[in-house]
Amino acid sequence: MSAMLEVRGIARAFGGVKALNGVDLTVERGSITGLIGPNGSGKTTLFNVITGYVTPDSGTVSFEGVDITRSKPNQVFALGIGRTFQLTRIFGRLSVLENMLVATQRKESWLRGLTRGMSSSDELESAMEWLKFVGLDGKSHLEAGALSYGQRKLLELAYVLVANPDVIMLDEPAGGVNLTLINEIGEKIQALNEQGKTFLVVEHNMEFVMKICHTVTVMHQGTDLTSGPPAQVRSNPAVLDAYLGGGDDDEEEVVA
Amino acid sequence: MSTTSTSIFSRPANWIWALCGVLALTFPFYETDPAYQQIGVYTLIFVACATSWNMFSGYSGYVNLGAAVSYGTGAYTLSIIAVHTHPNNLPGSASEFWLIPLAGLAAMVVAVPIGLIALRVRRHTFVVITIAIFFTFQLIAINASFTGGTGGLSLPYIPWAASYFDVPFYYLALAMSIFAIILSALVRRSRFGLQLLAIRDDEDRAMGLGVEVGKVKLTGYVMSAFTIGMAGGLFALLQGQIYPQFVFDPLFDISIALMCFFGGFGTLVGPVLGAAVLESSQQYLTVQYSNGSLYLILFGGLFLFVILFMPQGIVVFIRQKAKQRSDQQIAAAAAAGSNA
């Protein structure tokens with residue numbers, strides 16, 4: 001496998017708080033990489049830096065060898081990096097289908113949007129296929145704001161997928177959803193990964209992470225503590241100490 | 001053919017549009033009193049302005065309270081050119097009407113730098129910035145020599161008989177309104193319109209899904225200025241004389257915003273309904289009772305009613321009620337089916 005997304009020495013402070021303090025991260029092509037760490041360790045800030053929502057103070061982010069450190073979110077998305085948010089962000093007053101269509105113009109200029117309809121038949125078909133994939137095809141004409149929290153999570157995943165990004169970054173995909181849906185989301189991620197999609201996943205649910213990820217990077221106090229296969233990371237004393245507050249506790253406690 | 005006819009007129013809304021179109025087209029024939037014909041002109045000017053304003057502000061959520069800048073720019077552009085092409089105040093002619101698109105273009109040109117500045121901020125700050133820019137333009141119009149200052153500008157008079165003077169203005173305002181409605185509908189159905197709506201709901205998220213928000217917002221803002229600028233030009237021609245306080249009028253901004261909120265902010269029909277009801281009734285009450293302030297009392301009551309019972313505007317209220325009714329019918333039919 002080759003590196004698809006590389007983060008080197010990223011630092012970012014908010015006032016006196018160093019949210020990121022020299023983070024390194026590598027996402028291999030075709031992998032599912034987990035990013036874990038206690039609350040406040042800088043995971044979401046790192047996501048924001050990679051996707052252009054936050055400009056780092058120092059360090060570099062490169063995607064397929066191209067420096068994207070100071071690129072805007074729309075430029076990062078156009079290059080092929082899609083993301084979801086910790087708190088789902090959908091377009092609440094648009095229909096479920098319209099939410100999907102917003103994301104379909106990944107490589108299209110704004111000027112083209114003036115001269116074309118809302119969607120082509122191919123885009124509609126693709127949007128409906130992905131809605132079917134997440135089980136929301138029957139709700140395509142509902143106002144998205146009327147969806148439940150779990151359905152919003154699925155919609156957000158679907159409208160990132162419809163743009164066919166090369167790397168999909170998921171910020172707590174299992175957060176706040178029931179066990180059945182967590183398993184469903186995990187299965188969908190694995191199915192997409194088998195089709196060649198690369199994932200970077202932030203998650204607190206250790207069972208979920210250990211089950212689906214090929215590599216796990218642990219963050220602590222704005223730095224990357226260690227990286228490696230899930231089993232290796234799980235047994236690392238430094239991780240246990242940082243993540244769980246020390247000790248060689250029962251494995252059950254690892255499941256947050 | 002029959003299939004097409006059936007699909008077009010199968011919706012009640014299309015019948016209402018058709019009826020309104022026929023009434024609007026024939027208005028000068030069944031209402032020959034110039035005073036009431038002028039009410040028609042003013043109403044249509046506001047239909048065009050409110051629809052155009054809503055095309056940007058309603059769709060994107062950026063409430064622009066400086067639209068009078070476009071209106072005034074259009075009015076002054078047309079007036080200054082007309083005055084300079086008739087140096088001795090010779091009678092004007094229909095040729096002045098060709099300046100109206102130029103008034104719209106001037107408003108668009110002025111909107112570019114304003115948009116570049118104002119659209120850097122969002123929500124309440126954007127509203128405040130647009131108001132500040134509006135007052136800057138009003139001050140320029142009051143103090144600059146090329147605008148005629150507080151004395152305003154007198155346009156070349158158009159030597160038409162009073163009995164049909166307003167008719168050409170009426171049809172021009174109608175054409176402008178139709179143009180604004182069609183443009184607004186096309187934008188709503190385009191990818192560009194979808195992007196504006198996405199910006200309204202969550203601008204940062206839209207950016208993360210590839211929407212070039214800066215360019216999209218600026219384009220919407222500038223497009224919206226075109227029709228409003230043309231309407232300003234038409235207003236100047238109709239009045240024959242313009243003053244800064246009438247074309248750079250803060251009440252203009254408040255009026256069109258209220259018309260849109262009254263009818264249905266962000267909808268296609270809402271601004272048309274809002275402008276048609278509010279402007280025509282205001283003008284009618286002024287003409288009928290020779291009291292320029294009576295409408296304020298009535299509007300106060302009307303707005304209180306709408307805000308209390310239809311906070312999203314009349315059109316949205318009607319749609320919600322219709323949907324509730326249809327959902328109830330579906331549920332009743334399903335219940336009847338399961339009982340059987």
# chains A, B, ... in the order shown; residues from 1 in each chain; ligands from 1
>>> residues_around(residues="segment 138-145 of chain A", least_positions_apart="6", cutoff="7 Å", atoms="only C-alpha atoms", output="list in words")
Phe91, Gly92, Arg93, Leu94, Ser95, Val96 and Leu97 of chain A
>>> interface_residues(of="chain B", to="chain A", cutoff="10 Å", atoms="only C-alpha atoms", output="ChimeraX atom specification")
/B:186-195,197-216,219-220
>>> residues_around(residues="Met55 of chain B", least_positions_apart="3", cutoff="10 Å", atoms="only C-alpha atoms", output="list of chain:residue names")
B:Cys49, B:Ala50, B:Thr51, B:Ser52, B:Gly58, B:Tyr59, B:Ser60, B:Gly61, B:Ala180, B:Ile181, B:Leu183, B:Ser184, B:Ala185, B:Val187, B:Arg188, B:Gly193, B:Leu196, B:Gly220, B:Tyr221, B:Met223, B:Ser224, B:Phe265, B:Gly266, B:Thr267, B:Leu268, B:Pro271
>>> write_last_selection(atoms="C-alpha atoms", output="mmCIF file, in the first residue's frame")
data_model
loop_
_atom_site.group_PDB
_atom_site.id
_atom_site.type_symbol
_atom_site.label_atom_id
_atom_site.label_comp_id
_atom_site.auth_asym_id
_atom_site.auth_seq_id
_atom_site.Cartn_x
_atom_site.Cartn_y
_atom_site.Cartn_z
ATOM 1 C CA CYS B 49 -38.094 44.371 -6.934
ATOM 2 C CA ALA B 50 -39.357 42.021 -4.219
ATOM 3 C CA THR B 51 -39.040 38.972 -6.494
ATOM 4 C CA SER B 52 -35.542 39.960 -7.499
ATOM 5 C CA GLY B 58 -34.647 34.631 0.207
ATOM 6 C CA TYR B 59 -32.700 31.790 -1.357
ATOM 7 C CA SER B 60 -29.352 32.435 0.346
ATOM 8 C CA GLY B 61 -30.638 33.765 3.682
ATOM 9 C CA ALA B 180 -37.991 38.717 -12.481
ATOM 10 C CA ILE B 181 -40.408 35.832 -11.803
ATOM 11 C CA LEU B 183 -35.457 34.414 -13.643
ATOM 12 C CA SER B 184 -36.234 33.566 -10.029
ATOM 13 C CA ALA B 185 -37.942 30.316 -11.087
ATOM 14 C CA VAL B 187 -32.546 30.072 -10.549
ATOM 15 C CA ARG B 188 -34.617 27.982 -8.128
ATOM 16 C CA GLY B 193 -30.131 27.958 -6.988
ATOM 17 C CA LEU B 196 -27.790 29.280 -2.769
ATOM 18 C CA GLY B 220 -26.645 35.982 -6.777
ATOM 19 C CA TYR B 221 -26.188 39.415 -5.250
ATOM 20 C CA MET B 223 -27.975 39.253 -10.514
ATOM 21 C CA SER B 224 -30.522 40.494 -8.002
ATOM 22 C CA PHE B 265 -39.531 34.423 2.385
ATOM 23 C CA GLY B 266 -37.518 32.234 0.030
ATOM 24 C CA THR B 267 -40.526 31.077 -1.994
ATOM 25 C CA LEU B 268 -41.233 32.005 -5.605
ATOM 26 C CA PRO B 271 -42.791 38.067 -2.881
#
>>> residues_around(residues="segment 211-223 of chain A", least_positions_apart="5", cutoff="8 Å", atoms="only C-alpha atoms", output="number ranges by chain")
A: 18-25, 31-38, 40-43, 186, 189-190, 228-230, 233, 239, 242-243
>>> residues_around(residues="Met128 of chain A", least_positions_apart="3", cutoff="9 Å", atoms="only C-alpha atoms", output="list of chain:residue names")
A:Leu97, A:Met100, A:Glu123, A:Leu124, A:Glu125, A:Leu131, A:Lys132, A:Phe133, A:Leu136, A:Asp137, A:Ser140
>>> write_last_selection(atoms="C-alpha atoms", output="mmCIF file, in the first residue's frame")
data_model
loop_
_atom_site.group_PDB
_atom_site.id
_atom_site.type_symbol
_atom_site.label_atom_id
_atom_site.label_comp_id
_atom_site.auth_asym_id
_atom_site.auth_seq_id
_atom_site.Cartn_x
_atom_site.Cartn_y
_atom_site.Cartn_z
ATOM 1 C CA LEU A 97 -32.650 14.151 -2.493
ATOM 2 C CA MET A 100 -27.557 14.518 -2.189
ATOM 3 C CA GLU A 123 -26.771 12.308 -10.996
ATOM 4 C CA LEU A 124 -30.327 11.547 -9.959
ATOM 5 C CA GLU A 125 -29.774 7.863 -10.530
ATOM 6 C CA LEU A 131 -29.799 6.627 -0.766
ATOM 7 C CA LYS A 132 -30.828 3.042 -1.306
ATOM 8 C CA PHE A 133 -27.422 1.915 -0.034
ATOM 9 C CA LEU A 136 -33.143 6.253 2.800
ATOM 10 C CA ASP A 137 -34.466 5.900 -0.756
ATOM 11 C CA SER A 140 -35.960 11.067 -0.744
#
>>> atom_distance(atom1="atom CA of Tyr76 of chain B", atom2="atom CA of Val127 of chain B")
23.9 Å
>>> select_by_dssp(residues="segment 26-59 of chain A", states="strand (DSSP E or B)", output="PDB file with N, CA and C atoms, in the first residue's frame")
ATOM      1  N   THR A  26      -0.386   9.116   8.653  1.00  0.00           N
ATOM      2  CA  THR A  26      -0.345   8.608   7.281  1.00  0.00           C
ATOM      3  C   THR A  26      -1.568   7.727   7.052  1.00  0.00           C
ATOM      4  N   VAL A  27      -2.253   8.002   5.954  1.00  0.00           N
ATOM      5  CA  VAL A  27      -3.395   7.157   5.579  1.00  0.00           C
ATOM      6  C   VAL A  27      -3.019   6.423   4.298  1.00  0.00           C
ATOM      7  N   GLU A  28      -2.943   5.119   4.408  1.00  0.00           N
ATOM      8  CA  GLU A  28      -2.552   4.308   3.243  1.00  0.00           C
ATOM      9  C   GLU A  28      -3.736   4.120   2.297  1.00  0.00           C
ATOM     10  N   ILE A  32      -8.565   1.341   6.075  1.00  0.00           N
ATOM     11  CA  ILE A  32      -9.462   2.027   7.019  1.00  0.00           C
ATOM     12  C   ILE A  32      -8.584   2.381   8.200  1.00  0.00           C
ATOM     13  N   THR A  33      -8.318   3.655   8.342  1.00  0.00           N
ATOM     14  CA  THR A  33      -7.436   4.115   9.409  1.00  0.00           C
ATOM     15  C   THR A  33      -8.275   4.723  10.519  1.00  0.00           C
ATOM     16  N   GLY A  34      -8.050   4.284  11.730  1.00  0.00           N
ATOM     17  CA  GLY A  34      -8.783   4.830  12.873  1.00  0.00           C
ATOM     18  C   GLY A  34      -7.963   5.906  13.562  1.00  0.00           C
ATOM     19  N   LEU A  35      -8.648   6.926  14.040  1.00  0.00           N
ATOM     20  CA  LEU A  35      -7.978   7.994  14.780  1.00  0.00           C
ATOM     21  C   LEU A  35      -8.691   8.075  16.117  1.00  0.00           C
ATOM     22  N   ILE A  36      -7.987   7.676  17.165  1.00  0.00           N
ATOM     23  CA  ILE A  36      -8.644   7.658  18.479  1.00  0.00           C
ATOM     24  C   ILE A  36      -7.874   8.533  19.463  1.00  0.00           C
ATOM     25  N   SER A  58       1.691  25.597  11.593  1.00  0.00           N
ATOM     26  CA  SER A  58       2.860  25.033  10.897  1.00  0.00           C
ATOM     27  C   SER A  58       2.558  23.589  10.511  1.00  0.00           C
ATOM     28  N   GLY A  59       3.450  23.037   9.669  1.00  0.00           N
ATOM     29  CA  GLY A  59       3.264  21.666   9.216  1.00  0.00           C
ATOM     30  C   GLY A  59       2.639  21.597   7.832  1.00  0.00           C
TER      31      GLY A  59
END
>>> residues_around(residues="Val110 of chain B", least_positions_apart="5", cutoff="9 Å", atoms="only C-alpha atoms", output="PyMOL selection string")
chain B and resi 69-70+73+105+115+222+225
>>> closest_residue(among="B:Gln283, B:Phe226, B:Ile254, B:Thr77", to="Ala35 of chain B", atoms="only C-alpha atoms")
B:Gln283
>>> atom_distance(atom1="atom CA of Phe248 of chain B", atom2="atom CA of Pro159 of chain B")
27.2 Å
>>> select_by_dssp(residues="segment 239-297 of chain B", states="alpha helix (DSSP H)", output="PyMOL selection string")
chain B and resi 239+244-247+250-263+269-289+294-297
>>> residues_around(residues="Leu298 of chain B", least_positions_apart="4", cutoff="10 Å", atoms="only C-alpha atoms", output="JSON, numbers by chain")
{"B": [281, 282, 285, 293, 294, 302, 303, 304]}
>>> atom_distance(atom1="atom CA of Ala275 of chain B", atom2="atom CA of Tyr295 of chain B")
14.1 Å
>>> closest_residue(among="A:Asn48, A:Asn39, A:Ser148, A:Thr60", to="Arg8 of chain A", atoms="only C-alpha atoms")
A:Thr60
>>> closest_residue(among="A:Ala174, A:Val201, A:Ile185, A:Ile168", to="Gly135 of chain A", atoms="only C-alpha atoms")
A:Ile185
